[in-house]
Structures are given as C-alpha cells and as structure tokens.
file structure_7.pdb (PDB, C-alpha atoms and all ligand atoms)
ATOM      1  CA  MET S   7       0.000   0.000   0.000  1.00  0.00           C
ATOM      2  CA  THR S   8       1.617   3.251  -1.093  1.00  0.00           C
ATOM      3  CA  THR S   9       1.077   6.466   0.841  1.00  0.00           C
ATOM      4  CA  PRO S  10      -1.847   8.582  -0.459  1.00  0.00           C
ATOM      5  CA  ALA S  11      -0.972  11.348  -2.879  1.00  0.00           C
ATOM      6  CA  ARG S  12      -0.597  14.818  -1.407  1.00  0.00           C
ATOM      7  CA  LEU S  13      -2.649  17.706  -2.788  1.00  0.00           C
ATOM      8  CA  VAL S  14      -2.298  21.422  -2.117  1.00  0.00           C
ATOM      9  CA  VAL S  15      -5.360  23.417  -3.226  1.00  0.00           C
ATOM     10  CA  LEU S  16      -5.210  27.124  -4.102  1.00  0.00           C
ATOM     11  CA  ILE S  17      -8.425  29.151  -3.879  1.00  0.00           C
ATOM     12  CA  SER S  18      -9.563  32.765  -3.883  1.00  0.00           C
ATOM     13  CA  GLY S  19     -13.229  32.552  -2.959  1.00  0.00           C
ATOM     14  CA  ASN S  20     -16.218  30.407  -1.988  1.00  0.00           C
ATOM     15  CA  GLY S  21     -14.412  27.081  -2.382  1.00  0.00           C
ATOM     16  CA  SER S  22     -17.328  24.935  -3.578  1.00  0.00           C
ATOM     17  CA  ASN S  23     -14.875  22.999  -5.768  1.00  0.00           C
ATOM     18  CA  LEU S  24     -12.551  22.596  -2.785  1.00  0.00           C
ATOM     19  CA  GLN S  25     -15.570  21.275  -0.870  1.00  0.00           C
ATOM     20  CA  ALA S  26     -16.203  18.724  -3.629  1.00  0.00           C
ATOM     21  CA  LEU S  27     -12.600  17.524  -3.235  1.00  0.00           C
ATOM     22  CA  LEU S  28     -12.884  17.426   0.564  1.00  0.00           C
ATOM     23  CA  ASP S  29     -16.100  15.388   0.312  1.00  0.00           C
ATOM     24  CA  ALA S  30     -14.800  13.027  -2.364  1.00  0.00           C
ATOM     25  CA  ASP S  31     -13.399   9.594  -1.702  1.00  0.00           C
ATOM     26  CA  LEU S  32      -9.998  10.422  -3.246  1.00  0.00           C
ATOM     27  CA  PRO S  33      -6.836   8.270  -2.916  1.00  0.00           C
ATOM     28  CA  ALA S  34      -5.197  11.495  -1.801  1.00  0.00           C
ATOM     29  CA  GLU S  35      -4.843  13.812   1.152  1.00  0.00           C
ATOM     30  CA  ILE S  36      -5.480  17.545   0.867  1.00  0.00           C
ATOM     31  CA  VAL S  37      -2.568  18.694   3.019  1.00  0.00           C
ATOM     32  CA  CYS S  38      -3.023  22.462   2.710  1.00  0.00           C
ATOM     33  CA  VAL S  39      -5.434  25.071   1.340  1.00  0.00           C
ATOM     34  CA  VAL S  40      -3.975  28.440   0.370  1.00  0.00           C
ATOM     35  CA  SER S  41      -5.924  31.591  -0.468  1.00  0.00           C
ATOM     36  CA  ASN S  42      -4.649  34.963  -1.646  1.00  0.00           C
ATOM     37  CA  LYS S  43      -7.841  36.475  -0.174  1.00  0.00           C
ATOM     38  CA  ALA S  44      -8.325  36.651   3.604  1.00  0.00           C
ATOM     39  CA  ASP S  45     -12.129  36.486   3.313  1.00  0.00           C
ATOM     40  CA  ALA S  46     -12.249  33.405   1.065  1.00  0.00           C
ATOM     41  CA  TYR S  47     -14.931  31.139   2.521  1.00  0.00           C
ATOM     42  CA  GLY S  48     -12.887  28.202   1.251  1.00  0.00           C
ATOM     43  CA  LEU S  49     -10.510  28.829   4.176  1.00  0.00           C
ATOM     44  CA  VAL S  50     -13.421  28.156   6.551  1.00  0.00           C
ATOM     45  CA  ARG S  51     -14.239  24.965   4.645  1.00  0.00           C
ATOM     46  CA  ALA S  52     -10.626  23.816   5.067  1.00  0.00           C
ATOM     47  CA  GLN S  53     -10.620  24.645   8.788  1.00  0.00           C
ATOM     48  CA  ASN S  54     -13.896  22.746   9.240  1.00  0.00           C
ATOM     49  CA  ALA S  55     -12.251  19.751   7.570  1.00  0.00           C
ATOM     50  CA  GLY S  56      -9.159  19.976   9.784  1.00  0.00           C
ATOM     51  CA  VAL S  57      -6.935  20.897   6.839  1.00  0.00           C
ATOM     52  CA  GLU S  58      -4.144  23.460   7.159  1.00  0.00           C
ATOM     53  CA  SER S  59      -5.603  26.701   5.755  1.00  0.00           C
ATOM     54  CA  VAL S  60      -3.510  29.761   5.038  1.00  0.00           C
ATOM     55  CA  HIS S  61      -4.209  33.273   3.845  1.00  0.00           C
ATOM     56  CA  PHE S  62      -1.058  33.907   1.817  1.00  0.00           C
ATOM     57  CA  ALA S  63      -1.119  37.663   1.315  1.00  0.00           C
ATOM     58  CA  LYS S  64       0.988  39.536  -1.179  1.00  0.00           C
ATOM     59  CA  ARG S  65       3.148  42.032   0.683  1.00  0.00           C
ATOM     60  CA  ALA S  66       2.666  45.739  -0.150  1.00  0.00           C
ATOM     61  CA  ASP S  67       5.982  46.263  -1.936  1.00  0.00           C
ATOM     62  CA  GLU S  68       6.304  42.709  -3.238  1.00  0.00           C
ATOM     63  CA  THR S  69       6.723  42.049  -6.971  1.00  0.00           C
ATOM     64  CA  ARG S  70       4.742  39.282  -8.688  1.00  0.00           C
ATOM     65  CA  GLN S  71       7.974  37.319  -9.091  1.00  0.00           C
ATOM     66  CA  ALA S  72       8.879  37.638  -5.389  1.00  0.00           C
ATOM     67  CA  TYR S  73       5.361  36.653  -4.300  1.00  0.00           C
ATOM     68  CA  ASP S  74       5.331  33.646  -6.616  1.00  0.00           C
ATOM     69  CA  GLU S  75       8.750  32.507  -5.411  1.00  0.00           C
ATOM     70  CA  ARG S  76       7.683  32.820  -1.769  1.00  0.00           C
ATOM     71  CA  LEU S  77       4.415  31.035  -2.506  1.00  0.00           C
ATOM     72  CA  ALA S  78       6.281  28.237  -4.325  1.00  0.00           C
ATOM     73  CA  ASP S  79       8.590  27.761  -1.336  1.00  0.00           C
ATOM     74  CA  PHE S  80       5.586  27.588   0.979  1.00  0.00           C
ATOM     75  CA  VAL S  81       3.715  25.110  -1.219  1.00  0.00           C
ATOM     76  CA  ALA S  82       6.804  22.980  -1.991  1.00  0.00           C
ATOM     77  CA  ALA S  83       7.416  22.577   1.755  1.00  0.00           C
ATOM     78  CA  ARG S  84       4.104  20.630   1.849  1.00  0.00           C
ATOM     79  CA  ARG S  85       5.525  18.143  -0.678  1.00  0.00           C
ATOM     80  CA  PRO S  86       2.508  18.139  -3.035  1.00  0.00           C
ATOM     81  CA  ASP S  87       2.100  15.558  -5.765  1.00  0.00           C
ATOM     82  CA  TYR S  88      -0.320  18.004  -7.393  1.00  0.00           C
ATOM     83  CA  VAL S  89      -1.216  21.659  -6.922  1.00  0.00           C
ATOM     84  CA  ILE S  90      -4.905  22.208  -7.725  1.00  0.00           C
ATOM     85  CA  LEU S  91      -6.087  25.685  -8.730  1.00  0.00           C
ATOM     86  CA  ALA S  92      -9.761  25.617  -7.735  1.00  0.00           C
ATOM     87  CA  GLY S  93     -10.978  29.154  -8.217  1.00  0.00           C
ATOM     88  CA  TRP S  94      -7.513  30.679  -7.821  1.00  0.00           C
ATOM     89  CA  MET S  95      -7.795  34.129  -9.365  1.00  0.00           C
ATOM     90  CA  ARG S  96      -4.174  35.182  -9.807  1.00  0.00           C
ATOM     91  CA  ILE S  97      -1.992  34.489 -12.829  1.00  0.00           C
ATOM     92  CA  LEU S  98       0.916  32.321 -11.668  1.00  0.00           C
ATOM     93  CA  SER S  99       4.284  33.174 -13.238  1.00  0.00           C
ATOM     94  CA  ALA S 100       7.041  30.772 -14.230  1.00  0.00           C
ATOM     95  CA  ALA S 101       8.654  31.532 -10.848  1.00  0.00           C
ATOM     96  CA  PHE S 102       5.899  29.354  -9.369  1.00  0.00           C
ATOM     97  CA  LEU S 103       4.993  27.021 -12.226  1.00  0.00           C
ATOM     98  CA  ASN S 104       8.531  25.856 -12.974  1.00  0.00           C
ATOM     99  CA  ARG S 105       8.759  24.487  -9.432  1.00  0.00           C
ATOM    100  CA  PHE S 106       5.925  22.007 -10.109  1.00  0.00           C
ATOM    101  CA  PRO S 107       6.341  20.786 -13.705  1.00  0.00           C
ATOM    102  CA  ASN S 108       3.314  18.828 -14.953  1.00  0.00           C
ATOM    103  CA  ARG S 109       1.787  19.044 -11.498  1.00  0.00           C
ATOM    104  CA  VAL S 110      -0.278  22.242 -11.556  1.00  0.00           C
ATOM    105  CA  ILE S 111      -3.914  21.642 -12.510  1.00  0.00           C
ATOM    106  CA  ASN S 112      -6.495  24.339 -13.183  1.00  0.00           C
ATOM    107  CA  LEU S 113     -10.276  24.219 -13.366  1.00  0.00           C
ATOM    108  CA  HIS S 114     -11.933  26.671 -15.738  1.00  0.00           C
ATOM    109  CA  PRO S 115     -15.658  27.138 -16.415  1.00  0.00           C
ATOM    110  CA  ALA S 116     -15.479  27.063 -20.214  1.00  0.00           C
ATOM    111  CA  LEU S 117     -14.649  24.655 -23.032  1.00  0.00           C
ATOM    112  CA  PRO S 118     -11.108  24.642 -24.425  1.00  0.00           C
ATOM    113  CA  ASN S 119     -10.337  27.710 -26.552  1.00  0.00           C
ATOM    114  CA  ALA S 120     -13.762  29.198 -25.775  1.00  0.00           C
ATOM    115  CA  PHE S 121     -13.817  31.860 -23.067  1.00  0.00           C
ATOM    116  CA  SER S 122     -10.477  32.149 -21.278  1.00  0.00           C
ATOM    117  CA  GLY S 123     -10.126  34.633 -18.446  1.00  0.00           C
ATOM    118  CA  VAL S 124     -12.632  36.036 -16.007  1.00  0.00           C
ATOM    119  CA  ARG S 125     -16.461  35.910 -16.094  1.00  0.00           C
ATOM    120  CA  ALA S 126     -16.352  33.012 -18.573  1.00  0.00           C
ATOM    121  CA  VAL S 127     -19.874  31.764 -17.793  1.00  0.00           C
ATOM    122  CA  GLU S 128     -21.349  35.254 -18.083  1.00  0.00           C
ATOM    123  CA  ARG S 129     -19.623  35.716 -21.468  1.00  0.00           C
ATOM    124  CA  ALA S 130     -20.814  32.307 -22.703  1.00  0.00           C
ATOM    125  CA  PHE S 131     -24.367  33.203 -21.634  1.00  0.00           C
ATOM    126  CA  ALA S 132     -24.183  36.511 -23.538  1.00  0.00           C
ATOM    127  CA  ALA S 133     -22.806  34.690 -26.606  1.00  0.00           C
ATOM    128  CA  TYR S 134     -25.695  32.203 -26.378  1.00  0.00           C
ATOM    129  CA  GLN S 135     -28.184  35.060 -26.313  1.00  0.00           C
ATOM    130  CA  ARG S 136     -26.519  36.415 -29.452  1.00  0.00           C
ATOM    131  CA  GLY S 137     -26.959  33.003 -31.042  1.00  0.00           C
ATOM    132  CA  GLU S 138     -23.188  32.456 -31.221  1.00  0.00           C
ATOM    133  CA  VAL S 139     -22.877  29.351 -28.989  1.00  0.00           C
ATOM    134  CA  GLU S 140     -25.112  26.428 -28.073  1.00  0.00           C
ATOM    135  CA  SER S 141     -23.568  25.580 -24.714  1.00  0.00           C
ATOM    136  CA  ALA S 142     -21.184  26.571 -21.937  1.00  0.00           C
ATOM    137  CA  GLY S 143     -18.639  24.156 -20.548  1.00  0.00           C
ATOM    138  CA  VAL S 144     -15.993  23.157 -18.056  1.00  0.00           C
ATOM    139  CA  MET S 145     -12.416  22.031 -18.458  1.00  0.00           C
ATOM    140  CA  VAL S 146      -9.591  20.749 -16.275  1.00  0.00           C
ATOM    141  CA  HIS S 147      -6.135  21.382 -17.692  1.00  0.00           C
ATOM    142  CA  LEU S 148      -2.446  21.410 -16.861  1.00  0.00           C
ATOM    143  CA  VAL S 149      -0.783  24.784 -16.346  1.00  0.00           C
ATOM    144  CA  PRO S 150       2.698  24.511 -17.885  1.00  0.00           C
ATOM    145  CA  ASP S 151       3.195  28.240 -18.405  1.00  0.00           C
ATOM    146  CA  GLU S 152       1.685  31.678 -17.909  1.00  0.00           C
ATOM    147  CA  GLY S 153      -0.892  31.175 -20.656  1.00  0.00           C
ATOM    148  CA  VAL S 154      -4.336  31.871 -19.224  1.00  0.00           C
ATOM    149  CA  ASP S 155      -6.717  28.873 -19.143  1.00  0.00           C
ATOM    150  CA  ASN S 156      -5.106  27.233 -22.177  1.00  0.00           C
ATOM    151  CA  GLY S 157      -2.816  24.401 -21.038  1.00  0.00           C
ATOM    152  CA  PRO S 158      -3.030  20.735 -22.121  1.00  0.00           C
ATOM    153  CA  VAL S 159      -6.598  19.605 -21.483  1.00  0.00           C
ATOM    154  CA  LEU S 160      -7.096  16.681 -19.075  1.00  0.00           C
ATOM    155  CA  ALA S 161     -10.903  16.700 -19.280  1.00  0.00           C
ATOM    156  CA  SER S 162     -13.680  18.878 -20.630  1.00  0.00           C
ATOM    157  CA  GLU S 163     -17.457  18.678 -20.764  1.00  0.00           C
ATOM    158  CA  SER S 164     -20.029  20.907 -22.409  1.00  0.00           C
ATOM    159  CA  VAL S 165     -22.844  22.270 -20.268  1.00  0.00           C
ATOM    160  CA  PRO S 166     -26.190  22.809 -22.034  1.00  0.00           C
ATOM    161  CA  ILE S 167     -27.729  26.266 -21.930  1.00  0.00           C
ATOM    162  CA  ARG S 168     -31.511  26.255 -21.857  1.00  0.00           C
ATOM    163  CA  LYS S 169     -33.700  29.030 -23.248  1.00  0.00           C
ATOM    164  CA  GLU S 170     -35.344  29.508 -19.848  1.00  0.00           C
ATOM    165  CA  ASP S 171     -31.949  29.872 -18.146  1.00  0.00           C
ATOM    166  CA  THR S 172     -30.912  32.890 -16.179  1.00  0.00           C
ATOM    167  CA  LEU S 173     -27.204  33.510 -15.529  1.00  0.00           C
ATOM    168  CA  GLN S 174     -27.784  32.100 -12.044  1.00  0.00           C
ATOM    169  CA  THR S 175     -29.382  28.842 -13.226  1.00  0.00           C
ATOM    170  CA  LEU S 176     -26.623  28.383 -15.800  1.00  0.00           C
ATOM    171  CA  GLU S 177     -23.878  29.078 -13.240  1.00  0.00           C
ATOM    172  CA  ALA S 178     -25.428  26.516 -10.896  1.00  0.00           C
ATOM    173  CA  ARG S 179     -25.389  23.892 -13.677  1.00  0.00           C
ATOM    174  CA  VAL S 180     -21.760  24.792 -14.539  1.00  0.00           C
ATOM    175  CA  HIS S 181     -20.677  24.467 -10.893  1.00  0.00           C
ATOM    176  CA  GLN S 182     -22.412  21.074 -10.571  1.00  0.00           C
ATOM    177  CA  THR S 183     -20.474  19.919 -13.628  1.00  0.00           C
ATOM    178  CA  GLU S 184     -17.223  21.350 -12.232  1.00  0.00           C
ATOM    179  CA  HIS S 185     -17.593  19.538  -8.928  1.00  0.00           C
ATOM    180  CA  ARG S 186     -18.088  16.196 -10.673  1.00  0.00           C
ATOM    181  CA  LEU S 187     -15.458  16.704 -13.437  1.00  0.00           C
ATOM    182  CA  LEU S 188     -12.729  17.935 -11.092  1.00  0.00           C
ATOM    183  CA  VAL S 189     -13.088  14.968  -8.738  1.00  0.00           C
ATOM    184  CA  GLN S 190     -13.332  12.478 -11.613  1.00  0.00           C
ATOM    185  CA  THR S 191     -10.262  13.942 -13.380  1.00  0.00           C
ATOM    186  CA  ILE S 192      -8.112  13.873 -10.256  1.00  0.00           C
ATOM    187  CA  LYS S 193      -9.196  10.292  -9.475  1.00  0.00           C
ATOM    188  CA  THR S 194      -8.171   9.249 -12.999  1.00  0.00           C
ATOM    189  CA  LEU S 195      -4.880  11.128 -12.774  1.00  0.00           C
ATOM    190  CA  LEU S 196      -4.011   9.491  -9.456  1.00  0.00           C
ATOM    191  CA  ALA S 197      -5.000   6.045 -10.707  1.00  0.00           C
ATOM    192  CA  ASN S 198      -2.744   6.470 -13.749  1.00  0.00           C
ATOM    193  CA  LYS S 199       0.060   7.748 -11.543  1.00  0.00           C
ATOM    194  CA  GLU S 200      -0.386   4.764  -9.228  1.00  0.00           C
ATOM    195  CA  SER S 201      -0.389   2.247 -12.080  1.00  0.00           C
ATOM    196  CA  HIS S 202       2.598   3.994 -13.699  1.00  0.00           C
ATOM    197  CA  ALA S 203       4.537   3.807 -10.419  1.00  0.00           C
ATOM    198  CA  HIS S 204       3.509   0.168 -10.063  1.00  0.00           C
ATOM    199  CA  ARG S 205       4.695  -0.680 -13.603  1.00  0.00           C
ATOM    200  CA  SER S 206       7.978   1.175 -12.983  1.00  0.00           C
ATOM    201  CA  ALA S 207       8.486  -0.748  -9.743  1.00  0.00           C
ATOM    202  CA  LEU S 208       7.835  -4.046 -11.546  1.00  0.00           C
ATOM    203  CA  ARG S 209      10.375  -3.109 -14.216  1.00  0.00           C
ATOM    204  CA  LEU S 210      12.949  -2.341 -11.499  1.00  0.00           C
ATOM    205  CA  ARG S 211      12.732  -5.870 -10.052  1.00  0.00           C
TER     206      ARG S 211
HETATM  207  C1  LIG S 301     -15.142  28.198 -10.468  1.00  0.00           C
HETATM  208  O1  LIG S 301     -16.125  28.405 -11.463  1.00  0.00           O
HETATM  209  C2  LIG S 301     -13.798  28.052 -11.093  1.00  0.00           C
HETATM  210  O2  LIG S 301     -13.803  27.318 -12.288  1.00  0.00           O
HETATM  211  C3  LIG S 301     -13.446  29.489 -11.364  1.00  0.00           C
HETATM  212  O3  LIG S 301     -13.863  30.181 -10.205  1.00  0.00           O
HETATM  213  C4  LIG S 301     -14.959  29.466  -9.640  1.00  0.00           C
HETATM  214  C5  LIG S 301     -14.578  29.119  -8.218  1.00  0.00           C
HETATM  215  O4  LIG S 301     -15.684  28.602  -7.577  1.00  0.00           O
HETATM  216  N1  LIG S 301     -12.038  29.653 -11.601  1.00  0.00           N
HETATM  217  P1  LIG S 301     -15.495  27.998  -6.091  1.00  0.00           P
HETATM  218  O5  LIG S 301     -14.665  29.013  -5.313  1.00  0.00           O
HETATM  219  O6  LIG S 301     -14.779  26.676  -6.219  1.00  0.00           O
HETATM  220  O7  LIG S 301     -16.887  27.843  -5.566  1.00  0.00           O
END
call {"tool": "encode", "arguments": {"input": "structure_7.pdb", "output": "structure tokens"}}
result
Amino acid sequence: MTTPARLVVLISGNGSNLQALLDADLPAEIVCVVSNKADAYGLVRAQNAGVESVHFAKRADETRQAYDERLADFVAARRPDYVILAGWMRILSAAFLNRFPNRVINLHPALPNAFSGVRAVERAFAAYQRGEVESAGVMVHLVPDEGVDNGPVLASESVPIRKEDTLQTLEARVHQTEHRLLVQTIKTLLANKESHAHRSALRLR
C-alpha cells in the first residue's frame, strides 16, 4: 500500500470545488489550502475539515515574481504531488509554475479555446443570447506556463444552456459539472500515476 498522494489546493473565494474535493473519496490527502484572499470562505471549509488553511497575502511592496517565489517555497514545503487551482484568481508566473512541472492543474468554467479569463460563464451566456454558442462548458487542464486557461486539457465537458436559463441557473449547472469533473479527473490522474509507479516498480525488479 503506497502512501496517499498529497494535494495542495489554491483558492480565492467560496471554495465549492474545494468542498467537492474534501467530500470526495480520493486516494489522496489535501494537506493544505492556500488563499490569496483573507475572506475566502474556502478557508473556513478547510478549517472545518481539519486541513491546514492559510491566507497567503501579497506584501505591499512585493513584486509578482517575489510573491510567486515565496508562494512556491511555501507550497513545496508541503511536498505536493499536485497543486490544484480551484478558483484561484491570480496568474501564476514561471517563478511558481517551474517548481511544479506537470503538477499544476487548473479548473476553468469554459470549453477549451472558448472563453479564457474572467467571467467566462457570463460571457458564454451573452454569446448564447446572441446566437453564437449552443452551450457553456468546463475544463480541467495542466498549467505549464503563464498562458491563461489554455494548457493541455485533461478533461472537458459541455454544459447545455436552456432558453429559460438565467445567468444564475446556468452558473449553478456549470458548478455542478465542475464539482463532478474535477473529482473524476483527479481520481483518474491518481489512478494512472499509481499504475505507472507500479509498472515502474515491476520493471525495477
Ligand atoms: C469556479 O467556477 C472556477 O472554475 C473558477 O472560479 C470558480 C470558483 O468557484 N475559476 P469555487 O470558489 O470553487 O466555488
């Protein structure tokens, strides 16, 4: 029996996706939750679950590079197998990303190459009303570089928009899809990692 994988989750707000991970039966341990916002309710969710929760504030005179380096040191000290960005609303520079190659995973509420950046659901809803799109979507992707919401896709799923939808009903449907897709994608990733490690161990015999 190998030790469970270690996850560090970065958030900036409500943390409903963090909650989905906390509630899931994952072969992993969430060892720390980090928020750049002091009032992120996700920090309360982590505390309620007995998980280390930290408000990691950017210092007044601190450059992006210095913050990202300090954040990377803090996160690396928790020895994560994966760093999950679940509603993390800061662009991470190479100073952070290069410390965790192939191990930073982001959740974004849009299909690949659809609506990168902020307010993606709102923009998809407006596009639907203009007759430009049929659906919204969700994707989980690796974050190899500073590109915004456009790394190698691990999973994606379209989310139907209905004519009677309001932005609120659509957002609720998108979040439901996120909660399921994020957990499912991480389970698959960990299972592949486990089987890969197992195959490597067999080869080493
Ligand atoms: C999610 O839609 C996520 O994809 C986006 O921000 C939202 C965070 O929601 N980046 P929550 O904080 O997990 O509830």
call {"tool": "atom_distance", "arguments": {"input": "structure_7.pdb", "atom1": "CA of Arg85 (chain S)", "atom2": "CA of Leu103 (chain S)"}}
result
14.6 Å
call {"tool": "axis_aligned_box", "arguments": {"input": "structure_7.pdb", "around": "region 81-89 of chain S", "padding_each_side": "4 Å", "output": "JSON"}}
result
{"center_x": 3.1, "center_y": 20.3, "center_z": -2.8, "size_x": 16.6, "size_y": 17.6, "size_z": 17.2}
call {"tool": "resolve_selection", "arguments": {"input": "structure_7.pdb", "expression": "the PyMOL selection byres (((chain S and resi 122) around 12) and not hetatm)", "output": "list of chain:residue names"}}
result
S:Asn112, S:Leu113, S:His114, S:Pro115, S:Ala116, S:Leu117, S:Pro118, S:Asn119, S:Ala120, S:Phe121, S:Gly123, S:Val124, S:Arg125, S:Ala126, S:Val127, S:Glu128, S:Arg129, S:Ala130, S:Gly143, S:Val144, S:Met145, S:Gly153, S:Val154, S:Asp155, S:Asn156, S:Gly157
call {"tool": "resolve_selection", "arguments": {"input": "structure_7.pdb", "expression": "the PyMOL selection byres (((chain S and resi 188) around 12) and not hetatm)", "output": "PyMOL selection string"}}
result
chain S and resi 22-28+30+32+90-93+111-115+144-147+160-163+180-187+189-195
call {"tool": "atom_distance", "arguments": {"input": "structure_7.pdb", "atom1": "CA of Ile167 (chain S)", "atom2": "atom O5 of ligand LIG 301 (chain S)"}}
result
21.3 Å
call {"tool": "resolve_selection", "arguments": {"input": "structure_7.pdb", "expression": "the PyMOL selection byres (((chain S and resi 70-77) around 10) and not hetatm)", "output": "PDB file with C-alpha atoms, in the coordinates of the input"}}
result
ATOM      1  CA  VAL S  40      -3.975  28.440   0.370  1.00  0.00           C
ATOM      2  CA  ASN S  42      -4.649  34.963  -1.646  1.00  0.00           C
ATOM      3  CA  PHE S  62      -1.058  33.907   1.817  1.00  0.00           C
ATOM      4  CA  ALA S  63      -1.119  37.663   1.315  1.00  0.00           C
ATOM      5  CA  LYS S  64       0.988  39.536  -1.179  1.00  0.00           C
ATOM      6  CA  ARG S  65       3.148  42.032   0.683  1.00  0.00           C
ATOM      7  CA  ASP S  67       5.982  46.263  -1.936  1.00  0.00           C
ATOM      8  CA  GLU S  68       6.304  42.709  -3.238  1.00  0.00           C
ATOM      9  CA  THR S  69       6.723  42.049  -6.971  1.00  0.00           C
ATOM     10  CA  ALA S  78       6.281  28.237  -4.325  1.00  0.00           C
ATOM     11  CA  ASP S  79       8.590  27.761  -1.336  1.00  0.00           C
ATOM     12  CA  PHE S  80       5.586  27.588   0.979  1.00  0.00           C
ATOM     13  CA  VAL S  81       3.715  25.110  -1.219  1.00  0.00           C
ATOM     14  CA  ALA S  82       6.804  22.980  -1.991  1.00  0.00           C
ATOM     15  CA  ALA S  83       7.416  22.577   1.755  1.00  0.00           C
ATOM     16  CA  ARG S  96      -4.174  35.182  -9.807  1.00  0.00           C
ATOM     17  CA  ILE S  97      -1.992  34.489 -12.829  1.00  0.00           C
ATOM     18  CA  LEU S  98       0.916  32.321 -11.668  1.00  0.00           C
ATOM     19  CA  SER S  99       4.284  33.174 -13.238  1.00  0.00           C
ATOM     20  CA  ALA S 100       7.041  30.772 -14.230  1.00  0.00           C
ATOM     21  CA  ALA S 101       8.654  31.532 -10.848  1.00  0.00           C
ATOM     22  CA  PHE S 102       5.899  29.354  -9.369  1.00  0.00           C
ATOM     23  CA  LEU S 103       4.993  27.021 -12.226  1.00  0.00           C
ATOM     24  CA  ARG S 105       8.759  24.487  -9.432  1.00  0.00           C
TER      25      ARG S 105
END
call {"tool": "closest_residue", "arguments": {"input": "structure_7.pdb", "among": "S:Asn108, S:Thr172, S:Thr9, S:Gln53", "to": "Tyr88 (chain S)", "atoms": "only C-alpha atoms"}}
result
S:Asn108
call {"tool": "closest_residue", "arguments": {"input": "structure_7.pdb", "among": "S:Ala207, S:Ala46, S:Cys38, S:Leu13", "to": "ligand LIG 301 (chain S)", "atoms": "only C-alpha atoms and all ligand atoms"}}
result
S:Ala46
call {"tool": "atom_distance", "arguments": {"input": "structure_7.pdb", "atom1": "CA of Ala203 (chain S)", "atom2": "CA of Asp29 (chain S)"}}
result
26.0 Å
call {"tool": "closest_residue", "arguments": {"input": "structure_7.pdb", "among": "S:Met95, S:Leu16, S:Val37, S:Ala52", "to": "ligand LIG 301 (chain S)", "atoms": "all atoms listed in the file"}}
result
S:Met95
call {"tool": "closest_residue", "arguments": {"input": "structure_7.pdb", "among": "S:Glu177, S:Asp31, S:Asp151, S:Asp171", "to": "ligand LIG 301 (chain S)", "atoms": "all atoms listed in the file"}}
result
S:Glu177
call {"tool": "build_atoms", "arguments": {"input": "structure_7.pdb", "residues": "region 179-196 of chain S", "atoms": "N, CA and C atoms", "output": "CSV table (one decimal), keeping the file's coordinate frame"}}
result
chain,number,residue,atom,x,y,z
S,179,ARG,N,-25.6,25.1,-12.9
S,179,ARG,CA,-25.4,23.9,-13.7
S,179,ARG,C,-23.9,23.7,-14.0
S,180,VAL,N,-23.2,24.8,-14.3
S,180,VAL,CA,-21.8,24.8,-14.5
S,180,VAL,C,-21.0,24.3,-13.3
S,181,HIS,N,-21.4,24.9,-12.1
S,181,HIS,CA,-20.7,24.5,-10.9
S,181,HIS,C,-20.9,23.0,-10.6
S,182,GLN,N,-22.1,22.5,-10.8
S,182,GLN,CA,-22.4,21.1,-10.6
S,182,GLN,C,-21.5,20.2,-11.4
S,183,THR,N,-21.3,20.7,-12.7
S,183,THR,CA,-20.5,19.9,-13.6
S,183,THR,C,-19.0,20.0,-13.2
S,184,GLU,N,-18.6,21.2,-12.7
S,184,GLU,CA,-17.2,21.4,-12.2
S,184,GLU,C,-16.9,20.4,-11.1
S,185,HIS,N,-17.8,20.4,-10.1
S,185,HIS,CA,-17.6,19.5,-8.9
S,185,HIS,C,-17.4,18.1,-9.3
S,186,ARG,N,-18.2,17.6,-10.2
S,186,ARG,CA,-18.1,16.2,-10.7
S,186,ARG,C,-16.8,16.0,-11.5
S,187,LEU,N,-16.6,16.9,-12.5
S,187,LEU,CA,-15.5,16.7,-13.4
S,187,LEU,C,-14.1,16.8,-12.7
S,188,LEU,N,-14.0,17.8,-11.8
S,188,LEU,CA,-12.7,17.9,-11.1
S,188,LEU,C,-12.4,16.7,-10.3
S,189,VAL,N,-13.3,16.2,-9.6
S,189,VAL,CA,-13.1,15.0,-8.7
S,189,VAL,C,-12.7,13.8,-9.6
S,190,GLN,N,-13.5,13.6,-10.7
S,190,GLN,CA,-13.3,12.5,-11.6
S,190,GLN,C,-11.9,12.6,-12.3
S,191,THR,N,-11.6,13.8,-12.7
S,191,THR,CA,-10.3,13.9,-13.4
S,191,THR,C,-9.1,13.7,-12.4
S,192,ILE,N,-9.2,14.1,-11.2
S,192,ILE,CA,-8.1,13.9,-10.3
S,192,ILE,C,-8.0,12.4,-9.9
S,193,LYS,N,-9.2,11.7,-9.7
S,193,LYS,CA,-9.2,10.3,-9.5
S,193,LYS,C,-8.5,9.5,-10.6
S,194,THR,N,-8.8,9.9,-11.8
S,194,THR,CA,-8.2,9.2,-13.0
S,194,THR,C,-6.7,9.5,-13.0
S,195,LEU,N,-6.3,10.7,-12.8
S,195,LEU,CA,-4.9,11.1,-12.8
S,195,LEU,C,-4.1,10.3,-11.7
S,196,LEU,N,-4.7,10.2,-10.6
S,196,LEU,CA,-4.0,9.5,-9.5
S,196,LEU,C,-3.9,8.0,-9.8
